[in-house]
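Chemist: Handing you a structure now.
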Amino acid sequence: MTDIIAPPRVVGTMGASLLNLNGMIGAGIFALPALLYVGLDSFAPIAILLFAIPTACLAVSVCKLSTLFDGSGGVQLYVETALGKFTGFQVGWFVICASGTGRAANFLVLVSYLAALFPVFDGPIARPLTVLAFIAFMTILCVLGTKRSMGGIWVGTLFKLAPLVLLCAVGLGTNGFPVNIALPSFSGLESVALLIAYAFSGFATSTVAAGETKNPRTAIYRSVIMALIGVAIFYAIVQWAYIAIGPETTDAEVPLAAAAQKLFGDWGAVMISVAAVFSIATNQLCGFITFPRVLSGMGERKLLPKFFAHVSPRFLTPDYAIISYGVFVAAIAISGSFATLAILLVAVEQAIFALSLISFGVLWKSNFRGLRDTTGP
């Protein structure tokens, strides 16, 4: 009877918000300030806040859908309900391919950051072994319990945000708050629009793990809005701090490390580099917590073999789905380069986005009548 055990609902509103926050804040924040400053100059922080508005409009649609469902799956479950099992099956695999490709690509970036701090991790043998070690660690941690893996998220978030908060506090406190705003040309705004949109991707990560969230029909809604507002303000403050500190433009590839070095010396650059490692690792762990739930949810609803719906009687996690996801990510990470993986990720995400909009339209047109999920415990 172990196959019909339901994972416990151990993720609260704050935990769900943390999943969304880490879905949005990964590696991008450590490169974005310089790119936005080059394109938008002192208008960059305002642009971030402005671009949060259309993102919030999409977020509200997702939030409205989340109030209808108790089970895991997120977009895959919504599309399945709106457009049928066949389309739901396709979207499920799109989601797994997109998330798995993104995890694989980010593991390569994570090891690159780590190798820059500790050269022992560099080399043709050490790099792939380190990638596999990270994947194995996160897979095992997620199998051992959702509470344990969420604990890892809390710790990782602390270690990645604390240095950034320190940088902003000292930078703005020492140099003052930038008050001069220069309006950019339209071409400049257009060139960085996708960068800002990328910064907000992942705002609804918690919807994927709704089946293990307490009171999901209200908690998911609140977590998405809370995280989106918080991240938009945080991104803007980091951008203002970067402008106030004014690091050398020659260090634009590592803007926050350059800013920290100007404030604190060499140890500041190391501090931000360590924060980047924690940031990417926590973002990766967030993916390992959430996206295997797409596989397990599809298994529960018989879109995949029941094997994927298996729940560990000891750890109360969808262990087979988590292990299968880890193997999938490992295979992609070892077989592809970052550029190839990034191109594949963008292509798959566009297909998911198009189908998501169609499902939103179908559910909205039906005025949500009779659409109630019965898969949750």
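Identifiers in the structure tokens: chain A, B, ... in order shown; residue index from 1 per chain; ligand index from 1 in order shown.
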List the neighbours of Leu35 (chain A) out to 9 Å using only C-alpha atoms; skip same-chain residues closer than 3 positions along the sequence, and give me the result as a list of chain:residue names.
Modeler: A:Ala31, A:Leu32, A:Val38, A:Gly39, A:Leu40, A:Val192, A:Leu195, A:Ala252, A:Glu253, A:Pro255
Chemist: Limited to C-alpha atoms, could you put the picked residues into a file as a PDB file, in the first residue's frame?
Modeler:
```pdb
ATOM      1  CA  ALA A  31      25.698  39.956 -13.814  1.00  0.00           C
ATOM      2  CA  LEU A  32      22.529  41.994 -14.320  1.00  0.00           C
ATOM      3  CA  VAL A  38      25.103  49.991 -19.783  1.00  0.00           C
ATOM      4  CA  GLY A  39      21.679  49.873 -21.444  1.00  0.00           C
ATOM      5  CA  LEU A  40      19.665  52.199 -19.195  1.00  0.00           C
ATOM      6  CA  VAL A 192      17.393  45.145 -21.955  1.00  0.00           C
ATOM      7  CA  LEU A 195      17.122  40.752 -19.399  1.00  0.00           C
ATOM      8  CA  ALA A 252      31.427  44.508 -15.981  1.00  0.00           C
ATOM      9  CA  GLU A 253      31.452  40.714 -16.262  1.00  0.00           C
ATOM     10  CA  PRO A 255      29.820  43.763 -11.472  1.00  0.00           C
TER      11      PRO A 255
END
```
Chemist: Using only C-alpha atoms, determine which residues lie at most 7 Å from region 291-304 of chain A, disregarding the query and same-chain residues fewer than 4 positions distant; provide the list as a short mmCIF file (atom, residue, chain, number, x, y, z; two decimals) with C-alpha atoms, in the first residue's frame.
Modeler:
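Saved the output as result30.cif:
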```cif
data_model
loop_
_atom_site.label_atom_id
_atom_site.label_comp_id
_atom_site.auth_asym_id
_atom_site.auth_seq_id
_atom_site.Cartn_x
_atom_site.Cartn_y
_atom_site.Cartn_z
CA SER A 72 1.23 19.44 -7.54
CA GLY A 73 2.09 20.22 -11.12
CA PHE A 89 1.20 15.14 -21.14
CA GLY A 92 4.58 17.99 -18.63
CA ILE A 96 10.71 18.63 -17.36
CA VAL A 208 4.62 23.15 -8.86
CA ALA A 209 4.78 21.85 -5.28
CA GLY A 287 14.41 23.20 -8.76
CA PHE A 308 6.66 8.06 -10.71
CA ALA A 309 3.89 8.54 -8.12
CA PRO A 318 8.15 11.15 -4.17
CA ALA A 321 10.37 10.93 -9.29
CA ILE A 322 13.21 12.82 -7.56
CA TYR A 325 14.82 13.80 -12.32
#
```
Chemist: Would you work out the distance separating CA of Phe328 (chain A) from CA of Val109 (chain A), expressed in Å to one decimal?
Modeler: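 One can read the CA of Phe328 (chain A) to CA of Val109 (chain A) distance as 17.9 Å.
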Chemist: I need the residue nearest Leu144 (chain A) from this list: A:Ala219, A:Ala126, A:Ile46, A:Ile323. Use only C-alpha atoms for the distance.
Modeler: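 Between A:Ala219, A:Ala126, A:Ile46, A:Ile323, the residue approaching Leu144 (chain A) most closely is A:Ile323.
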Chemist: For Leu172 (chain A), which residue out of A:Val224, A:Ile243, A:Leu50, A:Leu132 is the nearest one, using only C-alpha atoms?
Modeler: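 Under the stated criterion, the closest residue is A:Ile243.
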Chemist: Can you pull out the residues contacting Ala59 (chain A)? Cut-off 8 Å, using only C-alpha atoms, and skip same-chain residues under 5 positions away; I want them as a list in words.
Modeler: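 Surrounding residues, per the criterion: Phe203, Ala204, Val224 and Ile225 of chain A.
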Chemist: Would you save the residues of that selection, restricted to N, CA, C and O atoms, as a PDB file, in the first residue's frame?
Modeler:
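Written file, part-v3.pdb:
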```pdb
ATOM      1  N   PHE A 203       8.813  33.228 -10.939  1.00  0.00           N
ATOM      2  CA  PHE A 203       8.036  33.838  -9.860  1.00  0.00           C
ATOM      3  C   PHE A 203       6.946  32.908  -9.327  1.00  0.00           C
ATOM      4  O   PHE A 203       6.443  33.119  -8.232  1.00  0.00           O
ATOM      5  N   ALA A 204       6.562  31.885 -10.089  1.00  0.00           N
ATOM      6  CA  ALA A 204       5.486  30.984  -9.648  1.00  0.00           C
ATOM      7  C   ALA A 204       6.006  29.572  -9.393  1.00  0.00           C
ATOM      8  O   ALA A 204       5.270  28.602  -9.571  1.00  0.00           O
ATOM      9  N   VAL A 224       3.266  33.992  -4.202  1.00  0.00           N
ATOM     10  CA  VAL A 224       3.667  34.538  -5.502  1.00  0.00           C
ATOM     11  C   VAL A 224       3.737  36.062  -5.441  1.00  0.00           C
ATOM     12  O   VAL A 224       4.726  36.677  -5.875  1.00  0.00           O
ATOM     13  N   ILE A 225       2.695  36.690  -4.889  1.00  0.00           N
ATOM     14  CA  ILE A 225       2.660  38.149  -4.808  1.00  0.00           C
ATOM     15  C   ILE A 225       3.751  38.675  -3.878  1.00  0.00           C
ATOM     16  O   ILE A 225       4.459  39.646  -4.199  1.00  0.00           O
TER      17      ILE A 225
END
```
Chemist: Choose the residue, out of A:Cys97, A:Leu21, A:Phe118, A:Leu164, that has the smallest atom-to-atom separation from Ile272 (chain A); count only C-alpha atoms.
Modeler: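 Ranking A:Cys97, A:Leu21, A:Phe118, A:Leu164 by distance to Ile272 (chain A), first place goes to A:Leu164.
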Chemist: A:Ala259, A:Ala275, A:Ala330, A:Cys63: which is nearest Asn106 (chain A), counting only C-alpha atoms?
Modeler: A:Ala330
Chemist: Give the answer as one residue: which of A:Arg9, A:Arg217, A:Arg222, A:Arg314 has the shortest atom-to-atom distance to Phe69 (chain A), using only C-alpha atoms?
Modeler: A:Arg217
Chemist: Using only C-alpha atoms, which of A:Ser42, A:Gln76, A:Thr205, A:Thr282 sits nearest Gly151 (chain A)?
Modeler: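 Looking only at the distances to Gly151 (chain A), the closest residue turns out to be A:Thr282.
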Chemist: Quote the spacing between CA of Ala52 (chain A) and CA of Phe278 (chain A) in Å to one decimal place.
Modeler: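 Between CA of Ala52 (chain A) and CA of Phe278 (chain A) the gap is 25.0 Å.
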Chemist: Which residues are close to Phe234 (chain A), i.e. within 10 Å by only C-alpha atoms, leaving aside same-chain residues fewer than 3 positions away? Reply as a short mmCIF file (atom, residue, chain, number, x, y, z; two decimals) with N, CA, C and O atoms, in the first residue's frame.
Modeler:
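Wrote selection.cif, looks like this:
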```
data_model
loop_
_atom_site.label_atom_id
_atom_site.label_comp_id
_atom_site.auth_asym_id
_atom_site.auth_seq_id
_atom_site.Cartn_x
_atom_site.Cartn_y
_atom_site.Cartn_z
N ILE A 25 15.88 34.52 -8.06
CA ILE A 25 17.24 34.98 -7.76
C ILE A 25 18.20 33.80 -7.83
O ILE A 25 18.22 32.95 -6.94
N PRO A 45 17.12 51.14 -12.21
CA PRO A 45 16.27 50.69 -11.08
C PRO A 45 14.79 50.97 -11.31
O PRO A 45 13.94 50.15 -10.94
N ILE A 48 13.35 48.38 -13.64
CA ILE A 48 13.07 47.11 -12.96
C ILE A 48 11.70 47.14 -12.30
O ILE A 48 10.89 46.21 -12.44
N LEU A 49 11.42 48.23 -11.60
CA LEU A 49 10.13 48.36 -10.91
C LEU A 49 8.98 48.45 -11.92
O LEU A 49 7.90 47.90 -11.69
N LEU A 161 21.92 36.07 0.44
CA LEU A 161 21.37 37.42 0.55
C LEU A 161 22.16 38.30 1.51
O LEU A 161 22.23 39.52 1.31
N LEU A 164 24.83 40.42 -0.09
CA LEU A 164 24.24 41.43 -0.97
C LEU A 164 23.61 42.56 -0.16
O LEU A 164 23.71 43.74 -0.53
N VAL A 165 22.95 42.21 0.94
CA VAL A 165 22.38 43.24 1.82
C VAL A 165 23.49 44.10 2.41
O VAL A 165 23.38 45.34 2.48
N CYS A 168 24.75 46.49 -0.28
CA CYS A 168 23.81 47.59 -0.50
C CYS A 168 23.85 48.59 0.65
O CYS A 168 23.86 49.81 0.43
N LEU A 228 7.24 38.27 -5.57
CA LEU A 228 7.43 39.16 -6.72
C LEU A 228 7.68 40.60 -6.27
O LEU A 228 8.61 41.26 -6.78
N ILE A 229 6.89 41.08 -5.32
CA ILE A 229 7.10 42.45 -4.81
C ILE A 229 8.46 42.56 -4.14
O ILE A 229 9.22 43.52 -4.38
N GLY A 230 8.78 41.58 -3.30
CA GLY A 230 10.05 41.62 -2.58
C GLY A 230 11.25 41.58 -3.51
O GLY A 230 12.22 42.34 -3.34
N VAL A 231 11.21 40.72 -4.51
CA VAL A 231 12.35 40.58 -5.43
C VAL A 231 12.48 41.83 -6.30
O VAL A 231 13.60 42.29 -6.57
N ILE A 237 17.07 47.93 -5.44
CA ILE A 237 18.02 48.42 -4.44
C ILE A 237 19.45 48.01 -4.80
O ILE A 237 20.39 48.81 -4.67
N VAL A 238 19.62 46.76 -5.24
CA VAL A 238 20.96 46.32 -5.66
C VAL A 238 21.45 47.18 -6.82
O VAL A 238 22.63 47.57 -6.87
N GLN A 239 20.55 47.50 -7.75
CA GLN A 239 20.94 48.33 -8.89
C GLN A 239 21.33 49.73 -8.44
O GLN A 239 22.32 50.30 -8.91
N TRP A 240 20.56 50.31 -7.53
CA TRP A 240 20.90 51.63 -6.99
C TRP A 240 22.25 51.60 -6.27
O TRP A 240 23.05 52.53 -6.41
#
```
Chemist: Find the residues around Gly173 (chain A) up to 12 Å (only C-alpha atoms counted), leave out those fewer than 4 positions away in its own chain, and share them as number ranges by chain.
Modeler: A: 165-169, 177-178, 240-241, 244-245, 263
Chemist: So how many Å separate CA of Thr207 (chain A) and CA of Gly102 (chain A), to one decimal?
Modeler: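 Computing the Euclidean distance for CA of Thr207 (chain A) and CA of Gly102 (chain A) yields 18.0 Å.
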Chemist: Which residues are near Cys286 (chain A)? Cut-off 10 Å, only C-alpha atoms, ignore same chain within fewer than 2 positions. Put them as a ChimeraX atom specification.
Modeler: /A:18-23,103,138,142,149-150,152-153,205-206,280-284,288-291
